[in-house]
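Scroll down for the structure; my scribbles are underneath it.
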Amino acid sequence: MKNSLRIAFLAAVAWSQAFSAQFKIAPDLIGRDPSATVDVIVQFKHAPTERHHQKVHALGGRHKAGLEMVNGGLYALPAAALQALADDPDVAYVSPDRPVRGMLDFANSTVGADIARTYGFDGAGVGVAVIDSGVNNVWDLMVGSSASNSRIVYNESFVAGNKRTSDDYGHGTHVAGILAGNANSSSAAYDTHTFRGIAPRANLISLRVLDLNGAGTDSAVIAAIQRAIALKSQYNIRVINLSLGRPVFESYTQDPLCQAVEQAWKAGIVVVVAAGNSGRDNSAGTAGYATISAPGNDPYVITVGAMKTNGTAARADDTVASYSSKGPALLDHVVKPDLVAPGNRVISLMAGKSTLQAKSSVNLLPYSYYMSTGSAANSIDYFRLSGTSMATPMVSGAAALLLQKDPSLTPDTVKARLMKSAAKSFPAYSTATDPTSGQIYTSQYDLFTVGAGYLDIWAALNSTDTVGSGLSAVSPTAMLDPVTGNVYVGNLAPGATTAVWGTNALWGSTAVWGTSVFVGGANALWGSTAVWGTTAVWGTGGTQGYTAVWGTNALWGSNSSDASSLNAATSLSSPESLNIAIYGDK
């Protein structure tokens, strides 16, 4: 076993080094029809000038849009010219303009937002950029109970050929309600349930990147992130919510989407991203491990998995949603998700006449659920959706509350406080049944499934921990020891200085991730304690994904040696693919 693990590990290292050194073309561009024209994002080694555009033009290409924040641009180019473009010494990396998809009554109390609100923490004055399918001007997003003064302070569409900013898909409005709805439509005297968001007085900056089918592109998301950075001072944008994603095709150090979110983070904006909904996917033999979506695989951002409240406000009976994607991140093995929050069957705002409203009939909510009038009609204000897309705005709202309390906080301190204060009491295992197929899924509560724990807003607001100058809260990397066969946590992202999750008592491993994910709980994160493997706390029998991720038949093993073959098997559709959005877990 140890010898085979060593061979697999060395094969992984050799493949990664060869790919990085010899190829500047993304793996999903290889094999394209030479006669076809492809839209590509070209990242240059320096900010592109007219000279760079002319060089691409000479190869038959056309400059479509500037993506300056990643030192790049969007170009239409004959596939036959891709190699010549990659051979240019000014070019750092070429990738396709990939498609991305859009991945409260009990949940609000579960994470402690109701307690925070009684102390005046409601997100007032904080701007949150919702990069999604647009956000409709509904009553719950107004200032107070006004019907004319909206908290959506800026609207723009980046959807190609469609400058309408309204939410035709219905995803962004639902996300915005979880984040910042003020319950105007569910707080009358005859309402028995109230659907209020985490930060009900936050301002929203709606940047539309998804069309009426929930589809978008890398270039649209990057352009929206650029706009959020440009508008940061004008609208006090401190948080970006990205309830969307796509598969991982290369290292986050090359992925233009990941590079864009890093630029936002370094500009002082907290970036919160959905983990993805592929936790049930065993098509690559990983039991759902290594299925984190991009850009949630980036170590800077806060990546969020989904929990189920199971219909109560108490946290004790909550369980992880079986569809919530699990780490470590593909290729780079970044430890993800960072934490989890409620995301299953969450009630939030409905965008009238939207695609999701039309397709989610079983998710419609009768008025009788929250009104004492006895009406059997379906609500035109609220409905249910499930997914890590719904968990993400819970954390974005929490970040807004922390920044309202102390505007001087850096993104690293916000991330560190949310992770360290997260609740860490979980069962060892739980099961969920798919209501359609009857299939049973077993979830294991390790740091690749629930991260640092369950969002606890009140605990985070009471934290005084600070990430000092020169420190970083980048998520660590899981590393295989080919001799012992164990997986350890350590390492730093390129460009980061010293990690906050160090050996000191304040940020030690047991404080951030809890003792259950480490064998010798008191040992330091950078020490010899294994988190996964033959002598780890979960053991070889209990660790469903260990052999798949690190063994000889694994992601890096003899039967699957590259990322493209995995992604061919696990092609990610919308995080709100209807079987999940409508039904969720039992």
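Following the order of the structure tokens, chains are lettered A, B, ..., residues in each are numbered from 1, and ligands are numbered from 1.
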Which residues in region 302-496 of chain A does DSSP call strand (DSSP E)? List them as a PyMOL selection string.
chain A and resi 302-308+319-320+339-342+346-349+364-366+378-385+429-433+440-444+471-472+477-480+486-490
Go through region 204-300 of chain A and flag each residue having an atom no more than 8 Å from region 335-352 of chain A; for those, report the closest pair of atoms plus their distance in Å to one decimal, using only C-alpha atoms, ordered by chain and rising number, as a tab-separated table.
residue	atom	partner	partner_atom	distance
A:Ala275	CA	A:Pro337	CA	6.3
A:Ile292	CA	A:Lys336	CA	7.3
A:Gly296	CA	A:Pro337	CA	7.9
A:Asn297	CA	A:Lys336	CA	7.1
A:Pro299	CA	A:Val335	CA	8.0
Work out how far apart CA of Asp412 (chain A) and CA of Ala473 (chain A) are and give it in Å to one decimal.
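Here the two named atoms are 5.1 Å from each other.
Considering only C-alpha atoms, the residue among A:Val248, A:Ala180, A:Ala377, A:Leu212 positioned nearest to Ser354 (chain A) is A:Leu212.
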Counting only C-alpha atoms, which of A:Val153, A:Ala116, A:Ala287, A:Ala460 gets nearest to Ser443 (chain A)?
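Looking only at the distances to Ser443 (chain A), the closest residue turns out to be A:Ala287.
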Considering only helix (DSSP H, G or I) as DSSP defines it on the backbone, what residues of region 103-166 of chain A qualify? List them as a PyMOL selection string.
chain A and resi 105-110+113-118+139-141
Take the residues just selected and output them with N, CA and C atoms as a short mmCIF file (atom, residue, chain, number, x, y, z; two decimals), in the first residue's frame.
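That gives us again-v7.cif:
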data_model
loop_
_atom_site.label_atom_id
_atom_site.label_comp_id
_atom_site.auth_asym_id
_atom_site.auth_seq_id
_atom_site.Cartn_x
_atom_site.Cartn_y
_atom_site.Cartn_z
N ASP A 105 -36.55 31.09 7.74
CA ASP A 105 -37.23 31.17 9.04
C ASP A 105 -36.46 30.40 10.11
N PHE A 106 -36.05 29.17 9.83
CA PHE A 106 -35.26 28.39 10.78
C PHE A 106 -33.78 28.73 10.66
N ALA A 107 -33.29 28.92 9.43
CA ALA A 107 -31.87 29.13 9.21
C ALA A 107 -31.35 30.36 9.92
N ASN A 108 -32.13 31.44 9.92
CA ASN A 108 -31.70 32.69 10.54
C ASN A 108 -31.37 32.48 12.01
N SER A 109 -32.24 31.78 12.70
CA SER A 109 -32.00 31.51 14.13
C SER A 109 -30.87 30.52 14.33
N THR A 110 -30.77 29.55 13.43
CA THR A 110 -29.75 28.52 13.55
C THR A 110 -28.35 29.10 13.60
N ALA A 113 -28.27 34.86 13.64
CA ALA A 113 -28.50 36.19 13.08
C ALA A 113 -29.55 36.97 13.85
N ASP A 114 -30.53 36.25 14.45
CA ASP A 114 -31.58 36.94 15.21
C ASP A 114 -31.00 37.59 16.46
N ILE A 115 -30.04 36.93 17.11
CA ILE A 115 -29.39 37.52 18.29
C ILE A 115 -28.61 38.76 17.88
N ALA A 116 -27.87 38.64 16.77
CA ALA A 116 -27.08 39.78 16.29
C ALA A 116 -27.97 40.98 16.02
N ARG A 117 -29.14 40.74 15.47
CA ARG A 117 -30.03 41.83 15.09
C ARG A 117 -30.56 42.57 16.32
N THR A 118 -30.78 41.85 17.41
CA THR A 118 -31.27 42.51 18.62
C THR A 118 -30.23 43.46 19.20
N TRP A 139 -40.34 44.06 -2.62
CA TRP A 139 -40.61 44.84 -1.42
C TRP A 139 -39.63 44.54 -0.28
N ASP A 140 -39.20 43.29 -0.15
CA ASP A 140 -38.29 42.91 0.93
C ASP A 140 -36.90 43.50 0.78
N LEU A 141 -36.61 44.10 -0.37
CA LEU A 141 -35.30 44.70 -0.60
C LEU A 141 -35.37 46.23 -0.63
#
Show which residues sit within 7 Å of region 258-267 of chain A, as a list in words. Count only C-alpha atoms, and ignore same-chain residues fewer than 4 positions away.
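Close residues of region 258-267 of chain A: Met69, Val70, Ile222, Ile225, Ile229, Tyr252, Thr253, Val271, Pro295, Asp298, Tyr300 and Pro411 of chain A.
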Export C-alpha atoms of the chosen residues as a JSON list (two decimals), in the first residue's frame?
[["chain", "number", "residue", "atom", "x", "y", "z"],
["A", 69, "MET", "CA", -7.44, 42.73, -13.55],
["A", 70, "VAL", "CA", -5.98, 39.39, -14.69],
["A", 222, "ILE", "CA", -14.38, 38.58, -14.31],
["A", 225, "ILE", "CA", -15.60, 41.51, -10.36],
["A", 229, "ILE", "CA", -13.57, 46.71, -7.36],
["A", 252, "TYR", "CA", -5.93, 28.04, -9.26],
["A", 253, "THR", "CA", -2.63, 29.85, -9.96],
["A", 271, "VAL", "CA", -15.19, 37.10, -1.46],
["A", 295, "PRO", "CA", -13.43, 29.63, -7.98],
["A", 298, "ASP", "CA", -8.94, 29.34, -4.49],
["A", 300, "TYR", "CA", -7.99, 33.14, -0.45],
["A", 411, "PRO", "CA", -10.80, 40.14, 4.54]]
Nearest-residue call for Val159 (chain A), choices A:His193, A:Arg208, A:Lys45, A:His53, using only C-alpha atoms:
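Nearest candidate to Val159 (chain A) out of A:His193, A:Arg208, A:Lys45, A:His53: A:Arg208.
Of the listed residues A:Leu447, A:Met419, A:Leu402, A:Ile457, the one whose atoms come nearest to Tyr289 (chain A) is A:Leu447, with distances taken using only C-alpha atoms.
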Pick out the residues sitting within 12 Å of Pro393 (chain A), and hand them over as a VMD selection string; count only C-alpha atoms, and ignore anything fewer than 6 positions along from it in its own chain.
chain A and resid 103 to 104 107 to 108 128 to 132 171 to 181 197 to 200 204 239 to 244 271 to 274 302 to 306 340 to 343 346 348 387 399 to 400 455
Interatomic distance, CA of Thr464 (chain A) to CA of Trp501 (chain A) (Å, one decimal)
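The value is 15.9 Å.
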Using only C-alpha atoms, which protein or nucleic acid residues come within 12 Å of Leu82 (chain A)? Drop anything in the same chain fewer than 5 positions from it, and give the result as a PyMOL selection string.
chain A and resi 23-26+29-42+56+59-61+75-77+87-88+91+93-96
